[in-house]
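Okay, data12.pdb now, which holds PDB, C-alpha atoms:
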ATOM      1  CA  MET L 798     -91.812 102.221 254.904
ATOM      2  CA  LEU L 799     -90.682 100.774 251.585
ATOM      3  CA  PRO L 800     -93.213  99.015 249.357
ATOM      4  CA  THR L 801     -92.779  95.287 249.781
ATOM      5  CA  GLY L 802     -94.360  92.293 248.140
ATOM      6  CA  THR L 803     -94.672  90.850 244.669
ATOM      7  CA  PRO L 804     -95.813  92.281 241.320
ATOM      8  CA  PRO L 805     -99.611  92.289 240.996
ATOM      9  CA  ASP L 806    -101.607  89.689 239.115
ATOM     10  CA  TRP L 807    -103.656  91.976 236.878
ATOM     11  CA  ARG L 808    -106.262  89.239 236.438
ATOM     12  CA  THR L 809    -107.392  90.059 239.974
ATOM     13  CA  VAL L 810    -107.718  93.789 239.278
ATOM     14  CA  ASP L 811    -110.881  95.477 238.025
ATOM     15  CA  ILE L 812    -110.019  98.441 235.800
ATOM     16  CA  ALA L 813    -112.396 101.234 234.793
ATOM     17  CA  VAL L 814    -111.890 104.142 232.392
ATOM     18  CA  PRO L 815    -114.160 107.169 231.857
ATOM     19  CA  ARG L 816    -116.859 107.468 229.259
ATOM     20  CA  ARG L 817    -116.250 110.104 226.599
ATOM     21  CA  SER L 818    -118.460 112.609 228.445
ATOM     22  CA  ASN L 819    -115.937 112.717 231.293
ATOM     23  CA  ARG L 820    -112.832 113.131 229.159
ATOM     24  CA  LEU L 821    -110.920 116.415 229.232
ATOM     25  CA  PRO L 822    -108.079 117.489 226.889
ATOM     26  CA  GLY L 823    -104.673 116.704 228.340
ATOM     27  CA  ILE L 824    -106.213 114.681 231.184
ATOM     28  CA  SER L 825    -106.713 110.923 231.466
ATOM     29  CA  MET L 826    -108.098 108.843 234.310
ATOM     30  CA  ALA L 827    -108.369 105.214 235.339
ATOM     31  CA  GLY L 828    -109.799 103.475 238.385
ATOM     32  CA  PHE L 829    -108.395 100.346 239.990
ATOM     33  CA  ARG L 830    -110.106  97.976 242.410
ATOM     34  CA  GLN L 831    -108.402  94.851 243.653
ATOM     35  CA  SER L 832    -108.638  92.236 246.368
ATOM     36  CA  LEU L 833    -105.194  91.308 247.599
ATOM     37  CA  PRO L 834    -104.262  88.569 250.041
ATOM     38  CA  ALA L 835    -100.759  90.023 250.399
ATOM     39  CA  PRO L 836     -98.941  93.309 249.663
ATOM     40  CA  VAL L 837     -97.823  94.055 246.113
ATOM     41  CA  ASP L 838     -94.821  95.988 244.859
ATOM     42  CA  ILE L 839     -94.962  97.809 241.517
ATOM     43  CA  ALA L 840     -92.127  99.547 239.691
ATOM     44  CA  MET L 841     -93.770 102.610 238.131
ATOM     45  CA  VAL L 842     -92.249 103.623 234.799
ATOM     46  CA  ALA L 843     -91.632 107.312 234.035
ATOM     47  CA  HIS L 844     -94.406 108.905 231.970
ATOM     48  CA  PRO L 845     -94.696 112.353 230.325
ATOM     49  CA  SER L 846     -97.381 113.499 232.741
ATOM     50  CA  VAL L 847     -97.856 114.642 236.302
ATOM     51  CA  ILE L 848     -99.718 111.910 238.187
ATOM     52  CA  LEU L 849    -102.359 112.293 240.880
ATOM     53  CA  LEU L 850    -102.670 108.979 242.706
ATOM     54  CA  ILE L 851    -105.762 109.260 244.897
ATOM     55  CA  ASP L 852    -105.979 106.502 247.472
ATOM     56  CA  LEU L 853    -109.592 105.467 248.084
ATOM     57  CA  SER L 854    -108.793 102.439 250.206
ATOM     58  CA  GLU L 855    -110.173 101.804 253.646
ATOM     59  CA  GLY L 856    -107.501 100.916 256.164
ATOM     60  CA  GLU L 857    -103.937 100.364 254.983
ATOM     61  CA  SER L 858    -102.909 102.885 252.344
ATOM     62  CA  VAL L 859    -100.746 102.791 249.277
ATOM     63  CA  VAL L 860     -97.069 103.615 249.885
ATOM     64  CA  CYS L 861     -95.058 105.392 247.166
ATOM     65  CA  SER L 862     -91.274 105.652 247.289
ATOM     66  CA  SER L 863     -88.901 107.780 245.222
ATOM     67  CA  ARG L 864     -85.381 109.111 245.780
ATOM     68  CA  GLY L 865     -85.404 107.856 249.372
ATOM     69  CA  ARG L 866     -88.704 109.551 250.170
ATOM     70  CA  HIS L 867     -91.746 107.530 251.217
ATOM     71  CA  GLU L 868     -95.320 108.804 251.255
ATOM     72  CA  ARG L 869     -98.480 107.041 252.370
ATOM     73  CA  GLY L 870    -101.906 107.775 250.899
ATOM     74  CA  SER L 871    -102.779 110.139 248.050
ATOM     75  CA  VAL L 872     -99.803 111.716 246.289
ATOM     76  CA  VAL L 873     -98.829 113.942 243.393
ATOM     77  CA  ILE L 874     -95.930 112.544 241.371
ATOM     78  CA  GLY L 875     -94.048 115.091 239.294
ATOM     79  CA  LEU L 876     -92.229 114.581 236.016
ATOM     80  CA  MET L 877     -89.150 112.352 236.151
ATOM     81  CA  PRO L 878     -89.309 111.278 239.816
ATOM     82  CA  GLY L 879     -86.487 108.758 239.329
ATOM     83  CA  GLU L 880     -86.875 105.164 240.452
ATOM     84  CA  LEU L 881     -90.451 105.057 241.653
ATOM     85  CA  ARG L 882     -92.304 102.240 243.377
ATOM     86  CA  ALA L 883     -95.813 101.824 244.729
ATOM     87  CA  GLY L 884     -96.945  99.076 247.023
ATOM     88  CA  GLY L 885     -98.982  97.818 249.928
ATOM     89  CA  CYS L 886    -102.381  96.187 250.267
ATOM     90  CA  VAL L 887    -104.206  98.669 248.063
ATOM     91  CA  ALA L 888    -107.908  98.012 247.493
ATOM     92  CA  GLU L 889    -108.981 101.021 245.422
ATOM     93  CA  CYS L 890    -107.344 104.053 243.859
ATOM     94  CA  LEU L 891    -108.007 106.631 241.177
ATOM     95  CA  GLN L 892    -105.125 107.703 238.998
ATOM     96  CA  ILE L 893    -105.263 110.976 237.065
ATOM     97  CA  ARG L 894    -102.601 111.818 234.509
ATOM     98  CA  LEU L 895    -102.120 115.497 233.716
ATOM     99  CA  GLU L 896    -100.029 116.589 230.765
ATOM    100  CA  PRO L 897     -97.543 119.228 231.985
ATOM    101  CA  ASP L 898     -99.265 122.197 230.329
ATOM    102  CA  VAL L 899    -102.525 121.200 232.038
ATOM    103  CA  ALA L 900    -100.870 120.344 235.364
ATOM    104  CA  ALA L 901     -99.373 123.820 235.563
ATOM    105  CA  ALA L 902    -102.918 125.217 235.816
ATOM    106  CA  VAL L 903    -104.674 122.410 237.705
ATOM    107  CA  LEU L 904    -102.043 122.163 240.442
ATOM    108  CA  ASP L 905    -100.685 125.702 240.346
ATOM    109  CA  ALA L 906     -97.409 124.105 241.434
ATOM    110  CA  SER L 907     -96.200 122.002 238.515
ATOM    111  CA  PRO L 908     -92.669 123.442 238.175
ATOM    112  CA  ASP L 909     -92.067 122.899 241.898
ATOM    113  CA  LEU L 910     -93.076 119.245 241.580
ATOM    114  CA  SER L 911     -90.738 118.234 238.782
ATOM    115  CA  GLY L 912     -88.425 115.431 239.865
ATOM    116  CA  THR L 913     -90.239 114.726 243.120
ATOM    117  CA  MET L 914     -93.500 113.642 244.720
ATOM    118  CA  ALA L 915     -95.609 115.169 247.456
ATOM    119  CA  PRO L 916     -98.722 114.361 249.484
ATOM    120  CA  LEU L 917    -101.847 115.568 247.699
ATOM    121  CA  ALA L 918    -102.737 117.542 250.827
ATOM    122  CA  ASP L 919     -99.530 119.565 250.442
ATOM    123  CA  VAL L 920    -100.646 120.642 246.967
ATOM    124  CA  TRP L 921    -104.424 121.018 247.357
ATOM    125  CA  GLY L 922    -104.611 121.693 251.085
ATOM    126  CA  ARG L 923    -107.953 120.907 252.739
ATOM    127  CA  ASP L 924    -109.543 120.381 249.339
ATOM    128  CA  ALA L 925    -107.640 117.095 249.077
ATOM    129  CA  GLY L 926    -109.491 115.539 252.019
ATOM    130  CA  ARG L 927    -112.849 116.826 250.851
ATOM    131  CA  ILE L 928    -112.301 115.413 247.367
ATOM    132  CA  GLU L 929    -111.224 112.046 248.755
ATOM    133  CA  ASP L 930    -114.391 111.918 250.876
ATOM    134  CA  ARG L 931    -116.606 112.679 247.864
ATOM    135  CA  LEU L 932    -114.892 110.037 245.774
ATOM    136  CA  ARG L 933    -115.159 107.395 248.494
ATOM    137  CA  ALA L 934    -118.868 108.125 248.943
ATOM    138  CA  ALA L 935    -119.586 107.679 245.218
ATOM    139  CA  THR L 936    -121.409 104.470 244.330
ATOM    140  CA  SER L 937    -119.774 103.800 240.944
ATOM    141  CA  TRP L 938    -116.642 104.544 238.944
ATOM    142  CA  ASP L 939    -118.739 106.575 236.500
ATOM    143  CA  GLU L 940    -119.774 108.826 239.375
ATOM    144  CA  ARG L 941    -116.167 109.072 240.562
ATOM    145  CA  PHE L 942    -114.962 110.049 237.108
ATOM    146  CA  THR L 943    -117.680 112.699 236.906
ATOM    147  CA  ILE L 944    -116.615 114.146 240.268
ATOM    148  CA  ALA L 945    -112.925 114.106 239.302
ATOM    149  CA  ALA L 946    -113.644 115.754 235.940
ATOM    150  CA  GLU L 947    -115.681 118.443 237.689
ATOM    151  CA  VAL L 948    -112.965 119.157 240.269
ATOM    152  CA  VAL L 949    -110.117 119.210 237.762
ATOM    153  CA  GLY L 950    -112.160 121.197 235.238
ATOM    154  CA  GLN L 951    -113.023 123.867 237.798
ATOM    155  CA  ARG L 952    -109.402 124.288 238.810
ATOM    156  CA  LEU L 953    -108.331 124.391 235.176
ATOM    157  CA  ARG L 954    -110.815 127.135 234.319
ATOM    158  CA  ALA L 955    -109.977 129.191 237.414
ATOM    159  CA  ARG L 956    -106.274 129.532 236.654
ATOM    160  CA  THR L 957    -104.227 131.192 233.961
ATOM    161  CA  PRO L 958    -103.091 128.638 231.367
ATOM    162  CA  VAL L 959     -99.528 128.439 230.143
ATOM    163  CA  GLU L 960     -98.601 130.643 227.208
ATOM    164  CA  PRO L 961     -99.940 129.384 223.849
ATOM    165  CA  GLU L 962     -96.398 129.111 222.502
ATOM    166  CA  VAL L 963     -95.391 126.838 225.377
ATOM    167  CA  ALA L 964     -98.531 124.735 224.983
ATOM    168  CA  HIS L 965     -97.843 124.394 221.253
ATOM    169  CA  ALA L 966     -94.254 123.343 221.832
ATOM    170  CA  TRP L 967     -95.407 120.670 224.278
ATOM    171  CA  ARG L 968     -98.069 119.349 221.900
ATOM    172  CA  ARG L 969     -95.569 119.154 219.048
ATOM    173  CA  THR L 970     -93.196 117.262 221.316
ATOM    174  CA  LEU L 971     -95.973 114.738 221.978
ATOM    175  CA  THR L 972     -97.180 114.358 218.394
ATOM    176  CA  SER L 973     -93.614 113.895 217.142
ATOM    177  CA  ARG L 974     -93.098 111.196 219.806
ATOM    178  CA  GLY L 975     -89.986 113.020 220.892
ATOM    179  CA  GLN L 976     -88.408 113.104 217.452
ATOM    180  CA  THR L 977     -88.022 116.848 217.073
ATOM    181  CA  GLN L 978     -85.431 119.484 217.926
ATOM    182  CA  VAL L 979     -85.531 122.462 220.278
ATOM    183  CA  ASP L 980     -84.567 124.842 217.467
ATOM    184  CA  SER L 981     -87.428 123.514 215.369
ATOM    185  CA  LEU L 982     -89.926 124.053 218.186
ATOM    186  CA  ALA L 983     -88.645 127.581 218.753
ATOM    187  CA  GLY L 984     -88.988 128.365 215.070
ATOM    188  CA  GLU L 985     -92.569 127.142 214.974
ATOM    189  CA  VAL L 986     -93.652 129.573 217.703
ATOM    190  CA  GLY L 987     -91.526 132.472 216.496
ATOM    191  CA  TRP L 988     -89.170 132.501 219.480
ATOM    192  CA  ASP L 989     -85.443 132.056 219.688
ATOM    193  CA  ARG L 990     -84.036 128.996 221.442
ATOM    194  CA  LYS L 991     -83.155 130.850 224.649
ATOM    195  CA  ARG L 992     -86.629 132.324 225.079
ATOM    196  CA  LEU L 993     -88.359 128.980 224.470
ATOM    197  CA  TRP L 994     -86.035 127.242 226.898
ATOM    198  CA  SER L 995     -86.683 129.840 229.626
ATOM    199  CA  ARG L 996     -90.479 130.012 229.234
ATOM    200  CA  PHE L 997     -90.911 126.256 228.798
ATOM    201  CA  ARG L 998     -88.796 125.484 231.850
ATOM    202  CA  SER L 999     -90.438 128.063 234.118
ATOM    203  CA  GLN L1000     -93.998 127.088 233.190
ATOM    204  CA  LEU L1001     -93.756 123.306 232.815
ATOM    205  CA  GLY L1002     -90.950 122.508 235.215
ATOM    206  CA  ILE L1003     -88.848 120.774 232.584
ATOM    207  CA  SER L1004     -86.543 121.956 229.813
ATOM    208  CA  PRO L1005     -87.696 121.367 226.229
ATOM    209  CA  LYS L1006     -84.748 119.048 225.643
ATOM    210  CA  ARG L1007     -85.633 116.921 228.656
ATOM    211  CA  ALA L1008     -89.266 116.890 227.547
ATOM    212  CA  ILE L1009     -88.211 115.572 224.148
ATOM    213  CA  ARG L1010     -86.136 112.846 225.795
ATOM    214  CA  LEU L1011     -88.977 111.883 228.153
ATOM    215  CA  VAL L1012     -91.583 111.625 225.390
ATOM    216  CA  ARG L1013     -89.218 109.617 223.212
ATOM    217  CA  PHE L1014     -88.458 107.299 226.120
ATOM    218  CA  ASP L1015     -92.183 106.801 226.775
ATOM    219  CA  HIS L1016     -92.763 105.695 223.192
ATOM    220  CA  ALA L1017     -89.758 103.394 223.357
ATOM    221  CA  ALA L1018     -90.962 101.836 226.629
ATOM    222  CA  HIS L1019     -94.349 101.036 225.145
ATOM    223  CA  LEU L1020     -92.760  99.443 222.099
ATOM    224  CA  LEU L1021     -90.536  97.326 224.336
ATOM    225  CA  ALA L1022     -93.608  96.256 226.313
ATOM    226  CA  THR L1023     -95.361  95.093 223.144
ATOM    227  CA  GLY L1024     -92.518  92.735 222.268
ATOM    228  CA  HIS L1025     -90.315  94.764 219.939
ATOM    229  CA  THR L1026     -86.602  94.075 220.221
ATOM    230  CA  ALA L1027     -84.307  96.705 221.718
ATOM    231  CA  ALA L1028     -82.519  97.057 218.382
ATOM    232  CA  ASP L1029     -85.785  97.694 216.517
ATOM    233  CA  VAL L1030     -86.981 100.133 219.172
ATOM    234  CA  ALA L1031     -83.727 102.078 219.044
ATOM    235  CA  ALA L1032     -84.073 102.453 215.281
ATOM    236  CA  GLU L1033     -87.789 103.274 215.374
ATOM    237  CA  CYS L1034     -87.429 105.942 218.081
ATOM    238  CA  GLY L1035     -84.405 107.709 216.639
ATOM    239  CA  TYR L1036     -81.729 106.628 219.100
ATOM    240  CA  VAL L1037     -78.191 106.541 217.791
ATOM    241  CA  ASP L1038     -77.903 102.838 218.584
ATOM    242  CA  GLN L1039     -79.015 100.194 221.075
ATOM    243  CA  SER L1040     -76.520 101.400 223.667
ATOM    244  CA  HIS L1041     -78.016 104.879 223.485
ATOM    245  CA  LEU L1042     -81.455 103.387 224.179
ATOM    246  CA  HIS L1043     -80.052 101.409 227.101
ATOM    247  CA  ARG L1044     -78.547 104.556 228.656
ATOM    248  CA  GLU L1045     -81.774 106.520 228.304
ATOM    249  CA  VAL L1046     -83.924 103.760 229.791
ATOM    250  CA  LYS L1047     -81.478 103.464 232.681
ATOM    251  CA  ALA L1048     -81.496 107.232 233.216
ATOM    252  CA  PHE L1049     -85.283 107.466 233.436
ATOM    253  CA  THR L1050     -86.066 104.291 235.362
ATOM    254  CA  GLY L1051     -82.906 102.799 236.816
ATOM    255  CA  LEU L1052     -83.863  99.644 234.890
ATOM    256  CA  THR L1053     -82.610  97.897 231.760
ATOM    257  CA  PRO L1054     -84.690  97.708 228.550
ATOM    258  CA  SER L1055     -85.341  94.005 229.149
ATOM    259  CA  VAL L1056     -86.792  94.727 232.600
ATOM    260  CA  VAL L1057     -88.892  97.631 231.331
ATOM    261  CA  ALA L1058     -90.273  95.325 228.624
ATOM    262  CA  VAL L1059     -91.970  93.196 231.278
ATOM    263  CA  ALA L1060     -92.735  95.970 233.786
ATOM    264  CA  PRO L1061     -96.140  95.402 235.433
ATOM    265  CA  TRP L1062     -96.814  99.147 235.192
ATOM    266  CA  LEU L1063     -96.899  98.892 231.381
ATOM    267  CA  ALA L1064     -98.694  95.549 231.224
ATOM    268  CA  ILE L1065    -102.143  97.126 231.518
ATOM    269  CA  ASP L1066    -101.635 100.304 229.514
ATOM    270  CA  ASP L1067    -103.705  99.049 226.589
ATOM    271  CA  VAL L1068    -106.666  98.747 228.991
ATOM    272  CA  ALA L1069    -106.191 101.575 231.500
ATOM    273  CA  TRP L1070    -104.678 104.138 229.119
ATOM    274  CA  PRO L1071    -105.866 103.131 225.637
ATOM    275  CA  THR L1072    -104.717 106.305 223.897
ATOM    276  CA  SER L1073    -101.134 105.839 225.170
ATOM    277  CA  SER L1074    -100.673 102.336 223.819
ATOM    278  CA  PRO L1075     -99.285 101.787 220.311
ATOM    279  CA  THR L1076    -101.286  98.531 220.160
ATOM    280  CA  ARG L1077    -104.641 100.194 220.811
ATOM    281  CA  ASP L1078    -106.933 101.687 218.191
ATOM    282  CA  PRO L1079    -107.543 105.340 219.212
ATOM    283  CA  ALA L1080    -111.149 104.948 218.058
ATOM    284  CA  THR L1081    -111.807 102.711 221.075
ATOM    285  CA  ALA L1082    -110.442 105.197 223.598
ATOM    286  CA  GLY L1083    -112.832 106.295 226.310
ATOM    287  CA  GLN L1084    -114.920 103.140 226.395
ATOM    288  CA  HIS L1085    -115.838 101.674 229.782
ATOM    289  CA  ILE L1086    -113.795  98.582 230.567
ATOM    290  CA  PRO L1087    -115.017  97.383 233.961
ATOM    291  CA  THR L1088    -112.868  94.317 234.418
ATOM    292  CA  ARG L1089    -109.900  92.361 233.207
ATOM    293  CA  ARG L1090    -110.782  89.107 234.968
TER     294      ARG L1090
END

For this file, write the structure as structure tokens.
Amino acid sequence: MLPTGTPPDWRTVDIAVPRRSNRLPGISMAGFRQSLPAPVDIAMVAHPSVILLIDLSEGESVVCSSRGRHERGSVVIGLMPGELRAGGCVAECLQIRLEPDVAAAVLDASPDLSGTMAPLADVWGRDAGRIEDRLRAATSWDERFTIAAEVVGQRLRARTPVEPEVAHAWRRTLTSRGQTQVDSLAGEVGWDRKRLWSRFRSQLGISPKRAIRLVRFDHAAHLLATGHTAADVAAECGYVDQSHLHREVKAFTGLTPSVVAVAPWLAIDDVAWPTSSPTRDPATAGQHIPTRR
């Protein structure tokens, strides 16, 4: 079943984010509660993270579609899933974003998930149902965030992390906003280009060059969403020209820059994901924002 309906009116959606005590490095969470008279259809824009979309609704579930595949209920969405849509009469869901170096440990399947999506039960087995039940039984978003942080934290501590050199290369890719070079990253960790490429790809499920492109695209998409012109964004983000930006946006989303600029998925980033928005003061990140009514 394909998602059908209209883009959501975010004024009807209550949004919650964790308090600082529930924040973990490389992990961000947001909760959504909405009352919908009709199904919605949301174009989800590619993001440099692996996404856990945990459906907490009673009755009709969220439907996610990518590359001709349709999944109902809780899903794991890997890096670069192509044109991705979510829809249906969704009442409540918890979204967890895992940076790739963290996802590799939390999911123990990150490389296999790149470019696709899968039911959460296929990744976490029976634990997925048990976690959903605990989250549904919680009486507040604060309690849900505490449960999610506990579950993710336990899995993170129980598994071998990626190599420090790979983690460093990923972090530098993020902090540079995708304006770095593979050779530069390799030099920083004392590896040659071939070794970095091999280790990065095997552990994170993405090549360092593609990671650079994805992070740069993410920054560009947020600038477009805050009203910057395509020409200014191309210059700011290091694209050769506006046409280069257009090609990259099309490659990651199947959309044009003008459509991405008004994408509903980005319209609430300054509230749901404060640290990812160029318009948000990082000092306010982690505060509880219960509603956008």

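Residues with at least one atom no more than 7 Å from (-103.8, 118.6, 243.8), using only C-alpha atoms, are Val873, Leu904, Leu917, Val920, Trp921 and Ala925 of chain L.
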
Leaving out stretch 983-988 of chain L and any residue of its chain fewer than 4 positions from it, which residues lie within 12 Å of it when counting all atoms listed in the file, given as a PyMOL selection string?
chain L and resi 960-970+977-979+992-997+1005-1006

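For the residues L:Glu855, L:Glu947, L:Asp811, L:Asp838, ranking by smallest atom-to-atom distance to L:Val903 using only C-alpha atoms places L:Glu947 first.
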
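If you look at atom CA of L:Thr1026 and atom CA of L:Ala843, they are 19.8 Å away from each other.
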
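Distance cut-off 9 Å, centre (-103.8, 110.1, 239.7), atoms counted all atoms listed in the file; the residues meeting this are Ser825, Met826, Ala827, Val847, Ile848, Leu849, Leu850, Ile851, Asp852, Ser871, Val872, Val873, Ile874, Cys890, Leu891, Gln892, Ile893, Arg894 and Leu895 of chain L.
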
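Applied to the shown file, the PyMOL selection byres ((chain L and resi 1036) around 12) selects the residues L:Gly975, L:Gln976, L:Arg1010, L:Arg1013, L:Phe1014, L:His1016, L:Ala1017, L:Ala1027, L:Ala1028, L:Asp1029, L:Val1030, L:Ala1031, L:Ala1032, L:Glu1033, L:Cys1034, L:Gly1035, L:Val1037, L:Asp1038, L:Gln1039, L:Ser1040, L:His1041, L:Leu1042, L:His1043, L:Arg1044, L:Glu1045, L:Val1046.
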
Centre and edges of the stretch 895-905 of chain L box, axis-aligned, 8 Å extra per side, as JSON:
{"center_x": -101.1, "center_y": 120.6, "center_z": 235.4, "size_x": 23.1, "size_y": 26.2, "size_z": 26.1}

How many Å separate atom CA of L:Ala883 from atom CA of L:Val859?
6.8 Å

Output the residue selection produced by the PyMOL selection byres ((chain L and resi 860-869) around 6) on the file above, formatted as a PyMOL selection string.
chain L and resi 859+870+880-884

Between L:Leu821, L:Ala813, L:Ile1003, L:Met841, which has the minimum distance to L:Leu1052 (counting all atoms listed in the file)?
L:Met841

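The two atoms in question, atom CA of L:Leu876 and atom CA of L:Ala902, are spaced 15.1 Å apart.
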
Nearest-residue call for L:Asp1015, choices L:Pro958, L:Gly879, L:Pro822, L:Pro845, using only C-alpha atoms
L:Pro845

Considering all atoms listed in the file, can you say which of L:Val1056, L:Val899, L:Leu910, L:Ile944 comes closest to L:Thr957?
L:Val899

The residue from L:Arg816, L:Arg990, L:Arg974, L:Arg830 with the smallest atom-to-atom distance to L:Phe942, counting only C-alpha atoms, is L:Arg816

Please evaluate the PyMOL selection byres ((chain L and resi 889) around 6) against the structure above and give the resulting residues as a ChimeraX atom specification.
/L:829-830,853-854,887-888,890

Could N, CA and C atoms be built for stretch 971-990 of chain L and written out as a short mmCIF file (atom, residue, chain, number, x, y, z; two decimals), in the frame of the given file?
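Once written, part.cif looks like this:
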data_model
loop_
_atom_site.label_atom_id
_atom_site.label_comp_id
_atom_site.auth_asym_id
_atom_site.auth_seq_id
_atom_site.Cartn_x
_atom_site.Cartn_y
_atom_site.Cartn_z
N LEU L 971 -95.19 115.96 221.86
CA LEU L 971 -95.97 114.74 221.98
C LEU L 971 -96.27 114.12 220.62
N THR L 972 -96.77 114.91 219.68
CA THR L 972 -97.18 114.36 218.39
C THR L 972 -96.00 113.83 217.58
N SER L 973 -94.81 114.38 217.83
CA SER L 973 -93.61 113.90 217.14
C SER L 973 -93.02 112.68 217.84
N ARG L 974 -93.60 112.30 218.99
CA ARG L 974 -93.10 111.20 219.81
C ARG L 974 -91.63 111.42 220.20
N GLY L 975 -91.32 112.68 220.43
CA GLY L 975 -89.99 113.02 220.89
C GLY L 975 -88.94 113.07 219.80
N GLN L 976 -89.37 113.04 218.55
CA GLN L 976 -88.41 113.10 217.45
C GLN L 976 -88.49 114.49 216.79
N THR L 977 -88.09 115.48 217.55
CA THR L 977 -88.02 116.85 217.07
C THR L 977 -86.82 117.51 217.73
N GLN L 978 -86.58 118.75 217.39
CA GLN L 978 -85.43 119.48 217.93
C GLN L 978 -85.91 120.78 218.58
N VAL L 979 -85.16 121.24 219.57
CA VAL L 979 -85.53 122.46 220.28
C VAL L 979 -85.57 123.64 219.31
N ASP L 980 -84.59 123.73 218.43
CA ASP L 980 -84.57 124.84 217.47
C ASP L 980 -85.80 124.82 216.57
N SER L 981 -86.24 123.64 216.20
CA SER L 981 -87.43 123.51 215.37
C SER L 981 -88.67 123.99 216.11
N LEU L 982 -88.79 123.62 217.37
CA LEU L 982 -89.93 124.05 218.19
C LEU L 982 -89.92 125.57 218.34
N ALA L 983 -88.75 126.13 218.60
CA ALA L 983 -88.64 127.58 218.75
C ALA L 983 -89.06 128.29 217.48
N GLY L 984 -88.63 127.76 216.35
CA GLY L 984 -88.99 128.36 215.07
C GLY L 984 -90.49 128.33 214.81
N GLU L 985 -91.13 127.27 215.21
CA GLU L 985 -92.57 127.14 214.97
C GLU L 985 -93.38 128.19 215.73
N VAL L 986 -92.90 128.59 216.91
CA VAL L 986 -93.65 129.57 217.70
C VAL L 986 -93.10 130.98 217.56
N GLY L 987 -92.08 131.15 216.74
CA GLY L 987 -91.53 132.47 216.50
C GLY L 987 -90.64 133.01 217.60
N TRP L 988 -90.08 132.11 218.42
CA TRP L 988 -89.17 132.50 219.48
C TRP L 988 -87.77 132.02 219.15
N ASP L 989 -86.78 132.63 219.81
CA ASP L 989 -85.44 132.06 219.69
C ASP L 989 -85.30 130.93 220.72
N ARG L 990 -84.23 130.17 220.59
CA ARG L 990 -84.04 129.00 221.44
C ARG L 990 -84.00 129.36 222.93
#
